[in-house]
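Q: Structure supplied as target-v7.txt; contents: compact mmCIF, C-alpha atoms (C1' of nucleotides).
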# COMPACT_ATOMS: atom_id res chain seq x y z
CA MET H 1286 -30.19 2.97 47.07
CA ASN H 1287 -32.89 2.02 49.53
CA SER H 1288 -34.35 -1.29 50.58
CA LYS H 1289 -37.37 -1.03 48.27
CA ASP H 1290 -35.24 -0.47 45.16
CA ALA H 1291 -32.93 -3.30 46.17
CA VAL H 1292 -35.87 -5.69 46.49
CA ILE H 1293 -37.11 -4.65 43.04
CA ARG H 1294 -33.67 -5.34 41.56
CA LEU H 1295 -33.26 -8.64 43.34
CA SER H 1296 -36.75 -9.75 42.26
CA ALA H 1297 -35.87 -8.87 38.70
CA LEU H 1298 -32.77 -11.07 38.88
CA ALA H 1299 -34.52 -13.90 40.72
CA HIS H 1300 -35.77 -15.54 37.55
CA ASP H 1301 -33.97 -18.04 35.40
CA GLN H 1302 -34.34 -16.33 32.03
CA ARG H 1303 -33.84 -12.83 33.39
CA LEU H 1304 -30.70 -13.88 35.20
CA ALA H 1305 -29.42 -15.46 31.98
CA ILE H 1306 -30.18 -12.23 30.10
CA PHE H 1307 -28.45 -10.13 32.74
CA ARG H 1308 -25.34 -12.30 32.78
CA LEU H 1309 -25.23 -12.32 29.01
CA LEU H 1310 -25.32 -8.53 28.96
CA VAL H 1311 -22.70 -8.30 31.72
CA LYS H 1312 -20.40 -10.38 29.55
CA VAL H 1313 -21.12 -8.37 26.42
CA GLY H 1314 -20.43 -5.05 28.08
CA PRO H 1315 -21.57 -1.51 27.29
CA SER H 1316 -22.29 -2.11 23.60
CA GLY H 1317 -25.21 -4.40 24.46
CA LEU H 1318 -27.32 -6.53 22.11
CA PRO H 1319 -30.64 -6.20 20.21
CA ALA H 1320 -33.73 -7.81 21.76
CA GLY H 1321 -34.04 -10.49 19.11
CA GLU H 1322 -30.49 -11.68 19.60
CA ILE H 1323 -30.96 -11.76 23.37
CA ALA H 1324 -34.15 -13.81 23.01
CA ALA H 1325 -32.40 -16.32 20.76
CA SER H 1326 -29.37 -16.58 23.07
CA VAL H 1327 -31.37 -17.48 26.15
CA GLY H 1328 -33.94 -19.56 24.26
CA ALA H 1329 -36.96 -17.39 25.04
CA ALA H 1330 -39.93 -16.51 22.85
CA PRO H 1331 -39.70 -12.91 21.61
CA THR H 1332 -42.79 -11.93 23.59
CA ALA H 1333 -41.36 -13.45 26.77
CA ALA H 1334 -37.96 -11.86 26.23
CA SER H 1335 -39.60 -8.50 25.74
CA PHE H 1336 -41.48 -8.90 29.01
CA HIS H 1337 -38.34 -9.84 30.92
CA LEU H 1338 -36.26 -7.08 29.36
CA LYS H 1339 -38.88 -4.61 30.47
CA GLU H 1340 -38.67 -5.94 34.01
CA LEU H 1341 -34.90 -5.58 34.09
CA ASP H 1342 -35.17 -2.10 32.62
CA ARG H 1343 -37.81 -1.07 35.14
CA ALA H 1344 -35.55 -2.32 37.94
CA GLY H 1345 -32.71 -0.12 36.71
CA LEU H 1346 -30.40 -3.02 35.85
CA ILE H 1347 -30.34 -2.52 32.08
CA HIS H 1348 -31.29 0.22 29.65
CA ALA H 1349 -32.69 0.32 26.14
CA THR H 1350 -31.58 2.33 23.12
CA ARG H 1351 -33.32 2.29 19.78
CA VAL H 1352 -30.98 1.92 16.83
CA GLY H 1353 -32.96 1.94 13.61
CA ARG H 1354 -35.56 -0.76 13.88
CA TYR H 1355 -33.60 -2.60 16.55
CA ILE H 1356 -33.67 -1.91 20.26
CA ARG H 1357 -30.35 -2.58 21.91
CA TYR H 1358 -30.15 -3.46 25.59
CA ALA H 1359 -27.05 -3.06 27.74
CA VAL H 1360 -26.27 -3.44 31.43
CA HIS H 1361 -26.70 -0.36 33.59
CA PHE H 1362 -23.41 -0.81 35.41
CA ASP H 1363 -24.05 1.85 38.00
CA GLY H 1364 -27.34 0.18 38.98
CA MET H 1365 -25.59 -3.14 39.33
CA ARG H 1366 -22.77 -1.68 41.38
CA LYS H 1367 -25.17 0.10 43.75
CA LEU H 1368 -27.04 -3.13 44.38
CA LEU H 1369 -23.85 -5.06 45.17
CA THR H 1370 -22.67 -2.31 47.47
CA PHE H 1371 -26.01 -2.20 49.26
CA LEU H 1372 -25.90 -5.92 49.94
CA THR H 1373 -22.52 -5.76 51.61
CA GLU H 1374 -22.77 -2.38 53.31
CA ASP H 1375 -20.94 -1.99 56.61
CA CYS H 1376 -19.87 -5.61 56.35
CA CYS H 1377 -18.54 -6.92 59.67
CA GLN H 1378 -18.63 -3.47 61.20
CA GLY H 1379 -15.83 -2.35 58.93
CA ARG H 1380 -13.47 -5.06 60.16
CA PRO H 1381 -12.73 -7.02 57.00
CA GLU H 1382 -10.62 -9.58 58.82
CA LEU H 1383 -13.87 -11.01 60.19
CA CYS H 1384 -15.17 -11.89 56.73
CA GLY H 1385 -12.46 -14.42 56.02
CA SER H 1386 -12.05 -14.82 52.28
CA THR H 1387 -14.92 -12.52 51.36
CA VAL H 1388 -12.84 -9.37 51.04
CA LYS H 1389 -10.09 -10.90 49.02
CA ASN H 1390 -12.56 -12.47 46.64
CA ALA H 1391 -14.91 -9.53 46.38
CA ARG H 1392 -11.94 -7.61 44.98
CA LYS H 1393 -11.91 -9.95 42.04
CA LEU H 1394 -15.40 -8.87 40.96
CA CYS H 1395 -15.46 -7.75 37.36
CA LYS H 1396 -11.70 -8.18 37.25
CA MET M 37 -22.59 -22.03 41.64
CA ASN M 38 -25.16 -22.61 38.94
CA SER M 39 -28.07 -20.59 37.67
CA LYS M 40 -30.66 -22.47 39.71
CA ASP M 41 -28.84 -21.90 43.00
CA ALA M 42 -28.35 -18.25 42.14
CA VAL M 43 -32.07 -17.81 41.48
CA ILE M 44 -32.86 -19.44 44.85
CA ARG M 45 -30.47 -17.05 46.61
CA LEU M 46 -31.75 -14.00 44.77
CA SER M 47 -35.37 -14.98 45.50
CA ALA M 48 -34.47 -15.34 49.17
CA LEU M 49 -33.05 -11.81 49.21
CA ALA M 50 -35.88 -10.33 47.13
CA HIS M 51 -38.08 -9.71 50.15
CA ASP M 52 -38.13 -6.68 52.39
CA GLN M 53 -37.80 -8.41 55.75
CA ARG M 54 -35.38 -11.06 54.54
CA LEU M 55 -33.16 -8.41 52.98
CA ALA M 56 -33.22 -6.50 56.27
CA ILE M 57 -32.28 -9.67 58.15
CA PHE M 58 -29.46 -10.42 55.74
CA ARG M 59 -28.02 -6.92 55.91
CA LEU M 60 -28.27 -6.94 59.69
CA LEU M 61 -26.30 -10.20 59.82
CA VAL M 62 -23.74 -8.90 57.32
CA LYS M 63 -23.14 -5.94 59.63
CA VAL M 64 -22.94 -8.10 62.74
CA GLY M 65 -20.41 -10.50 61.23
CA PRO M 66 -19.54 -14.12 62.03
CA SER M 67 -20.80 -14.08 65.63
CA GLY M 68 -24.40 -13.70 64.44
CA LEU M 69 -27.52 -13.07 66.53
CA PRO M 70 -30.25 -15.21 68.14
CA ALA M 71 -33.56 -15.50 66.26
CA GLY M 72 -35.52 -13.46 68.79
CA GLU M 73 -33.15 -10.53 68.57
CA ILE M 74 -33.26 -10.63 64.78
CA ALA M 75 -37.06 -10.65 64.82
CA ALA M 76 -37.15 -7.65 67.14
CA SER M 77 -34.56 -5.73 65.10
CA VAL M 78 -36.46 -5.99 61.83
CA GLY M 79 -39.90 -5.67 63.43
CA ALA M 80 -41.16 -9.12 62.49
CA ALA M 81 -43.34 -11.53 64.47
CA PRO M 82 -41.33 -14.51 65.79
CA THR M 83 -43.21 -16.89 63.55
CA ALA M 84 -42.58 -14.77 60.47
CA ALA M 85 -38.92 -14.29 61.33
CA SER M 86 -38.54 -18.03 61.74
CA PHE M 87 -40.05 -18.60 58.32
CA HIS M 88 -37.76 -16.06 56.67
CA LEU M 89 -34.66 -17.31 58.48
CA LYS M 90 -35.42 -20.78 57.20
CA GLU M 91 -35.66 -19.45 53.65
CA LEU M 92 -32.29 -17.70 53.93
CA ASP M 93 -30.77 -20.81 55.45
CA ARG M 94 -32.21 -23.05 52.74
CA ALA M 95 -30.74 -20.70 50.13
CA GLY M 96 -27.28 -21.05 51.68
CA LEU M 97 -26.98 -17.40 52.67
CA ILE M 98 -27.00 -17.86 56.45
CA HIS M 99 -26.54 -20.74 58.85
CA ALA M 100 -27.96 -21.65 62.24
CA THR M 101 -26.23 -22.82 65.41
CA ARG M 102 -28.00 -23.80 68.58
CA VAL M 103 -26.46 -22.30 71.72
CA GLY M 104 -28.37 -23.49 74.76
CA ARG M 105 -31.98 -22.62 74.20
CA TYR M 106 -31.10 -19.92 71.67
CA ILE M 107 -30.49 -20.45 67.97
CA ARG M 108 -27.94 -18.03 66.57
CA TYR M 109 -27.94 -17.13 62.89
CA ALA M 110 -24.92 -15.75 61.03
CA VAL M 111 -24.14 -14.93 57.41
CA HIS M 112 -22.65 -17.70 55.32
CA PHE M 113 -19.97 -15.51 53.79
CA ASP M 114 -18.85 -18.03 51.23
CA GLY M 115 -22.41 -18.39 49.92
CA MET M 116 -22.71 -14.62 49.64
CA ARG M 117 -19.38 -14.29 47.87
CA LYS M 118 -20.22 -17.01 45.35
CA LEU M 119 -23.47 -15.28 44.47
CA LEU M 120 -21.77 -11.91 43.92
CA THR M 121 -19.09 -13.53 41.81
CA PHE M 122 -21.67 -15.39 39.72
CA LEU M 123 -23.53 -12.15 38.97
CA THR M 124 -20.45 -10.44 37.61
CA GLU M 125 -18.69 -13.37 35.98
CA ASP M 126 -16.67 -12.62 32.85
CA CYS M 127 -17.76 -9.01 33.13
CA CYS M 128 -17.06 -7.10 29.91
CA GLN M 129 -15.16 -10.05 28.48
CA GLY M 130 -12.43 -9.54 31.04
CA ARG M 131 -11.80 -5.95 29.98
CA PRO M 132 -12.52 -4.00 33.17
CA GLU M 133 -11.94 -0.66 31.52
CA LEU M 134 -15.31 -1.13 29.79
CA CYS M 135 -17.20 -1.18 33.09
CA GLY M 136 -16.32 2.36 34.00
CA SER M 137 -16.53 2.84 37.75
CA THR M 138 -17.78 -0.67 38.46
CA VAL M 139 -14.40 -2.23 39.08
CA LYS M 140 -13.08 0.48 41.30
CA ASN M 141 -16.22 0.42 43.39
CA ALA M 142 -16.64 -3.33 43.51
CA ARG M 143 -13.27 -3.40 45.22
CA LYS M 144 -14.75 -1.47 48.09
CA LEU M 145 -17.18 -4.30 48.87
CA CYS M 146 -16.94 -5.37 52.47
CA LYS M 147 -14.06 -2.98 52.95
C1' DT T 591 -40.89 -33.85 87.09
C1' DG T 592 -43.06 -29.48 86.02
C1' DC T 593 -42.79 -24.95 84.25
C1' DA T 594 -41.12 -20.95 81.63
C1' DT T 595 -38.75 -19.40 77.60
C1' DG T 596 -37.01 -19.45 72.81
C1' DA T 597 -38.00 -21.03 68.48
C1' DT T 598 -40.37 -23.84 64.84
C1' DT T 599 -44.19 -26.17 62.32
C1' DC T 600 -48.60 -26.46 60.31
C1' DA T 601 -52.69 -25.08 57.81
C1' DA T 602 -55.75 -21.87 55.49
C1' DT T 603 -56.37 -17.68 53.19
C1' DA T 604 -54.64 -13.80 50.60
C1' DA T 605 -51.63 -11.84 47.30
C1' DT T 606 -48.33 -11.83 43.77
C1' DT T 607 -45.97 -13.51 39.75
C1' DC T 608 -45.51 -16.46 35.53
C1' DT T 609 -46.94 -17.95 31.05
C1' DT T 610 -48.91 -17.75 26.64
C1' DG T 611 -51.31 -16.01 22.81
C1' DT T 612 -53.26 -12.17 20.30
C1' DA T 613 -53.37 -7.58 18.95
C1' DG T 614 -50.91 -3.44 18.28
C1' DT T 615 -46.95 0.21 17.62
C1' DG T 616 -43.02 2.02 15.37
C1' DT T 617 -39.49 1.66 11.60
C1' DT T 618 -37.46 0.60 7.08
C1' DA T 619 -37.53 0.16 2.32
C1' DA T 620 -39.78 -0.73 -2.10
C1' DT S 399 -48.34 4.39 1.10
C1' DT S 400 -47.95 -0.26 1.63
C1' DA S 401 -45.67 -4.47 3.05
C1' DA S 402 -42.50 -6.60 6.07
C1' DC S 403 -40.01 -6.74 10.16
C1' DA S 404 -38.65 -5.95 15.20
C1' DC S 405 -40.54 -5.33 19.19
C1' DT S 406 -44.18 -4.20 22.81
C1' DA S 407 -48.78 -4.17 25.34
C1' DC S 408 -52.56 -6.44 27.08
C1' DA S 409 -55.36 -10.09 29.17
C1' DA S 410 -56.62 -14.45 31.60
C1' DG S 411 -55.73 -18.72 33.70
C1' DA S 412 -52.08 -21.31 36.26
C1' DA S 413 -48.71 -21.53 39.66
C1' DT S 414 -46.06 -19.91 43.31
C1' DT S 415 -45.23 -17.25 47.49
C1' DA S 416 -46.65 -14.49 51.72
C1' DT S 417 -49.19 -14.00 56.09
C1' DT S 418 -51.29 -15.25 60.31
C1' DG S 419 -52.45 -17.61 64.53
C1' DA S 420 -52.59 -21.85 67.06
C1' DA S 421 -50.18 -25.80 68.23
C1' DT S 422 -45.79 -28.09 68.94
C1' DC S 423 -40.85 -28.96 70.03
C1' DA S 424 -36.45 -28.16 72.63
C1' DT S 425 -33.85 -26.45 76.45
C1' DG S 426 -32.71 -24.84 81.15
C1' DC S 427 -33.74 -24.62 85.82
C1' DA S 428 -36.16 -25.10 90.33
Could I get this structure in the form of structure tokens?

A:
Amino acid sequence: MNSKDAVIRLSALAHDQRLAIFRLLVKVGPSGLPAGEIAASVGAAPTAASFHLKELDRAGLIHATRVGRYIRYAVHFDGMRKLLTFLTEDCCQGRPELCGSTVKNARKLCK
Amino acid sequence: MNSKDAVIRLSALAHDQRLAIFRLLVKVGPSGLPAGEIAASVGAAPTAASFHLKELDRAGLIHATRVGRYIRYAVHFDGMRKLLTFLTEDCCQGRPELCGSTVKNARKLCK
DNA sequence: TGCATGATTCAATAATTCTTGTAGTGTTAA
DNA sequence: TTAACACTACAAGAATTATTGAATCATGCA
């Protein structure tokens, strides 16, 4: 994970509908959802949803799998994890007591 | 933490120099650094650094404190934590085993 | 007060990203 | 093979964001 990839991922998430799509897929888990269902859930036109799904895919945050005439999208958990790790790397010079409640709460992620 | 705030924070981080500033401040911890030192560290002009610091501040990711004629910036750890939590909320419907290595590794955040 | 230093604000241009509609591709089933 | 469906690709105008230098503000000290 380098800075350029992180910026691409953060840019992908820095959009209302894309963030909603990402969070929806995080909730759903590895099984994912077809594009049409995603579009309906976040209230986006199919053409817009397709565009945003492509952006998230390109950023390495989700991945697509064709199943018959549907295309299912699911979160790319490793891509998400690497981004989160990159953001907090070497936090407080490895002295977690300096972060206050950050450590304790970060441990609750995806609990 | 709502979607709009999250998008503002993600947009703030989705920039090469701002991401570098943020990660630098995460490493440094609560004591922070003066604006000039931050600018020099990330190779930005003072005027550009000031602009980016303001963006990060406005997003609630860092905060400023004047100390004599210096202005020190430090990470706003609670703002960072809330963003990370928002991104992974209700992950896999509360069934962490579905995430694979995500849980285990998320726990290493800010270790 | 007057000056040097650290940092910010402003304004104009350049660059990127968003939005929307239309056309097109791939797949299923009659 | 033809029709219907799910989804994607492309293009153009609109809107937002980045960059830069000059001017300005705030503080400390002689």

Q: Go ahead and align chain M to chain H (same sequence, so just pair every C-alpha in order, least squares) and export the moved chain as a tab-separated table (two decimals) with C-alpha atoms, in the coordinates of the input.

A:
chain	number	residue	atom	x	y	z
M	37	MET	CA	-30.20	2.96	47.12
M	38	ASN	CA	-32.91	2.00	49.56
M	39	SER	CA	-34.37	-1.31	50.62
M	40	LYS	CA	-37.37	-1.07	48.31
M	41	ASP	CA	-35.24	-0.48	45.21
M	42	ALA	CA	-32.94	-3.31	46.20
M	43	VAL	CA	-35.88	-5.70	46.54
M	44	ILE	CA	-37.12	-4.67	43.07
M	45	ARG	CA	-33.67	-5.35	41.59
M	46	LEU	CA	-33.26	-8.65	43.39
M	47	SER	CA	-36.76	-9.76	42.31
M	48	ALA	CA	-35.87	-8.87	38.73
M	49	LEU	CA	-32.78	-11.08	38.91
M	50	ALA	CA	-34.53	-13.91	40.77
M	51	HIS	CA	-35.77	-15.53	37.58
M	52	ASP	CA	-33.98	-18.05	35.42
M	53	GLN	CA	-34.34	-16.33	32.06
M	54	ARG	CA	-33.85	-12.83	33.41
M	55	LEU	CA	-30.70	-13.90	35.23
M	56	ALA	CA	-29.43	-15.45	32.00
M	57	ILE	CA	-30.18	-12.23	30.13
M	58	PHE	CA	-28.44	-10.14	32.76
M	59	ARG	CA	-25.33	-12.31	32.81
M	60	LEU	CA	-25.21	-12.32	29.03
M	61	LEU	CA	-25.31	-8.52	28.99
M	62	VAL	CA	-22.69	-8.30	31.74
M	63	LYS	CA	-20.38	-10.40	29.57
M	64	VAL	CA	-21.10	-8.39	26.44
M	65	GLY	CA	-20.41	-5.05	28.10
M	66	PRO	CA	-21.56	-1.51	27.29
M	67	SER	CA	-22.28	-2.13	23.60
M	68	GLY	CA	-25.19	-4.42	24.47
M	69	LEU	CA	-27.28	-6.58	22.13
M	70	PRO	CA	-30.58	-6.21	20.22
M	71	ALA	CA	-33.67	-7.80	21.79
M	72	GLY	CA	-33.99	-10.50	19.15
M	73	GLU	CA	-30.44	-11.70	19.66
M	74	ILE	CA	-30.93	-11.77	23.42
M	75	ALA	CA	-34.12	-13.81	23.04
M	76	ALA	CA	-32.37	-16.32	20.80
M	77	SER	CA	-29.35	-16.59	23.11
M	78	VAL	CA	-31.37	-17.48	26.19
M	79	GLY	CA	-33.93	-19.57	24.30
M	80	ALA	CA	-36.93	-17.37	25.03
M	81	ALA	CA	-39.88	-16.46	22.80
M	82	PRO	CA	-39.69	-12.83	21.59
M	83	THR	CA	-42.75	-11.90	23.59
M	84	ALA	CA	-41.35	-13.43	26.77
M	85	ALA	CA	-37.95	-11.84	26.25
M	86	SER	CA	-39.61	-8.47	25.78
M	87	PHE	CA	-41.49	-8.90	29.04
M	88	HIS	CA	-38.35	-9.84	30.95
M	89	LEU	CA	-36.26	-7.07	29.39
M	90	LYS	CA	-38.88	-4.59	30.51
M	91	GLU	CA	-38.68	-5.94	34.06
M	92	LEU	CA	-34.89	-5.59	34.13
M	93	ASP	CA	-35.16	-2.11	32.67
M	94	ARG	CA	-37.82	-1.07	35.18
M	95	ALA	CA	-35.55	-2.33	37.97
M	96	GLY	CA	-32.70	-0.12	36.73
M	97	LEU	CA	-30.40	-3.01	35.86
M	98	ILE	CA	-30.33	-2.53	32.08
M	99	HIS	CA	-31.28	0.20	29.66
M	100	ALA	CA	-32.66	0.29	26.14
M	101	THR	CA	-31.56	2.29	23.10
M	102	ARG	CA	-33.28	2.25	19.76
M	103	VAL	CA	-30.91	1.90	16.81
M	104	GLY	CA	-32.88	1.95	13.59
M	105	ARG	CA	-35.48	-0.74	13.84
M	106	TYR	CA	-33.51	-2.61	16.51
M	107	ILE	CA	-33.62	-1.93	20.24
M	108	ARG	CA	-30.30	-2.63	21.92
M	109	TYR	CA	-30.15	-3.48	25.61
M	110	ALA	CA	-27.04	-3.07	27.76
M	111	VAL	CA	-26.26	-3.43	31.46
M	112	HIS	CA	-26.70	-0.35	33.60
M	113	PHE	CA	-23.41	-0.79	35.42
M	114	ASP	CA	-24.06	1.87	38.00
M	115	GLY	CA	-27.35	0.22	38.98
M	116	MET	CA	-25.59	-3.13	39.33
M	117	ARG	CA	-22.78	-1.66	41.40
M	118	LYS	CA	-25.18	0.11	43.76
M	119	LEU	CA	-27.05	-3.12	44.39
M	120	LEU	CA	-23.85	-5.05	45.18
M	121	THR	CA	-22.67	-2.30	47.48
M	122	PHE	CA	-26.02	-2.18	49.28
M	123	LEU	CA	-25.90	-5.93	49.95
M	124	THR	CA	-22.52	-5.75	51.62
M	125	GLU	CA	-22.77	-2.37	53.32
M	126	ASP	CA	-20.95	-2.00	56.64
M	127	CYS	CA	-19.89	-5.62	56.36
M	128	CYS	CA	-18.56	-6.93	59.68
M	129	GLN	CA	-18.69	-3.46	61.19
M	130	GLY	CA	-15.90	-2.35	58.90
M	131	ARG	CA	-13.53	-5.06	60.11
M	132	PRO	CA	-12.80	-7.01	56.92
M	133	GLU	CA	-10.66	-9.55	58.70
M	134	LEU	CA	-13.89	-11.02	60.11
M	135	CYS	CA	-15.21	-11.91	56.65
M	136	GLY	CA	-12.48	-14.39	55.91
M	137	SER	CA	-12.06	-14.81	52.17
M	138	THR	CA	-14.94	-12.51	51.26
M	139	VAL	CA	-12.89	-9.36	50.91
M	140	LYS	CA	-10.13	-10.87	48.89
M	141	ASN	CA	-12.61	-12.45	46.52
M	142	ALA	CA	-14.97	-9.52	46.27
M	143	ARG	CA	-12.03	-7.60	44.87
M	144	LYS	CA	-11.97	-9.95	41.93
M	145	LEU	CA	-15.47	-8.85	40.86
M	146	CYS	CA	-15.52	-7.73	37.27
M	147	LYS	CA	-11.78	-8.18	37.11

Q: Can you tell me, as a VMD selection string, what residues are no more than 12 Å from range 412-425 of chain S when counting all atoms listed in the file, ignoring any on the same chain fewer than 4 positions away?

A: (chain M and resid 47 to 48 50 to 53 80 to 85 87 to 88 91 102 to 107) or (chain T and resid 593 to 610)

Q: Show me a table, sorted first by chain and then by increasing residue number, of the residues of chain S having an atom at most 10 Å from chain H, each with its shortest atom pair and the distance in Å to one decimal, counting all atoms listed in the file and written as a Markdown table.

A:
| residue | atom | partner | partner_atom | distance |
| --- | --- | --- | --- | --- |
| S:DC403 | C1' | H:Arg1354 | CA | 8.3 |
| S:DA404 | C1' | H:Arg1354 | CA | 6.2 |
| S:DC405 | C1' | H:Ser1335 | CA | 7.3 |
| S:DT406 | C1' | H:Ser1335 | CA | 6.9 |
| S:DA407 | C1' | H:Phe1336 | CA | 9.4 |

Q: Mind giving me the straight-line distance from C1' of DC408 in chain S to CA of Ile1293 in chain H in Å, one decimal?

A: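 About the pair C1' of DC408 in chain S and CA of Ile1293 in chain H: they are 22.3 Å apart.
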
Q: Using only C-alpha atoms, pick whichever of H:His1361, H:Lys1312, H:Arg1303, H:Arg1294 has the shortest atom-to-atom distance to chain M.

A: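 When distances to chain M are compared using only C-alpha atoms, the smallest one comes from H:Lys1312.
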
Q: Any idea what the distance is between CA of Arg59 in chain M and CA of Met116 in chain M?

A: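 Separation between CA of Arg59 in chain M and CA of Met116 in chain M: 11.3 Å.
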
Q: Please indicate the distance in Å from CA of Gly1379 in chain H to CA of Ser67 in chain M, rounded to one decimal place.

A: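 According to the coordinates, CA of Gly1379 in chain H and CA of Ser67 in chain M are separated by 14.4 Å.
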
Q: Compare M:Glu73, M:Asp41, M:Asp93, M:Asp114 by their minimum atom-to-atom distance to chain H, counting all atoms listed in the file, and give me the closest one.

A: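 Among the listed residues, the smallest separation from chain H belongs to M:Asp114.
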
Q: Show which residues sit within 6 Å of Ala110 in chain M, as an MDAnalysis selection string. Count all atoms listed in the file, and ignore same-chain residues fewer than 2 positions away.

A: chainID M and resid 61 66 68 98:99

Q: Check the smallest atom-to-atom distance from each of M:Ala76, M:Val43, M:Met37, M:Ile57 to chain H using only C-alpha atoms, then report the winner.

A: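 Ranked by minimum distance to chain H, first place goes to M:Val43.
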
Q: Taking into account only C-alpha atoms, which residue in the set H:Leu1341, H:Ala1349, H:Arg1366, H:Tyr1358 is nearest to chain M?

A: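 Going through H:Leu1341, H:Ala1349, H:Arg1366, H:Tyr1358 one by one, the smallest distance to chain M is for H:Arg1366.
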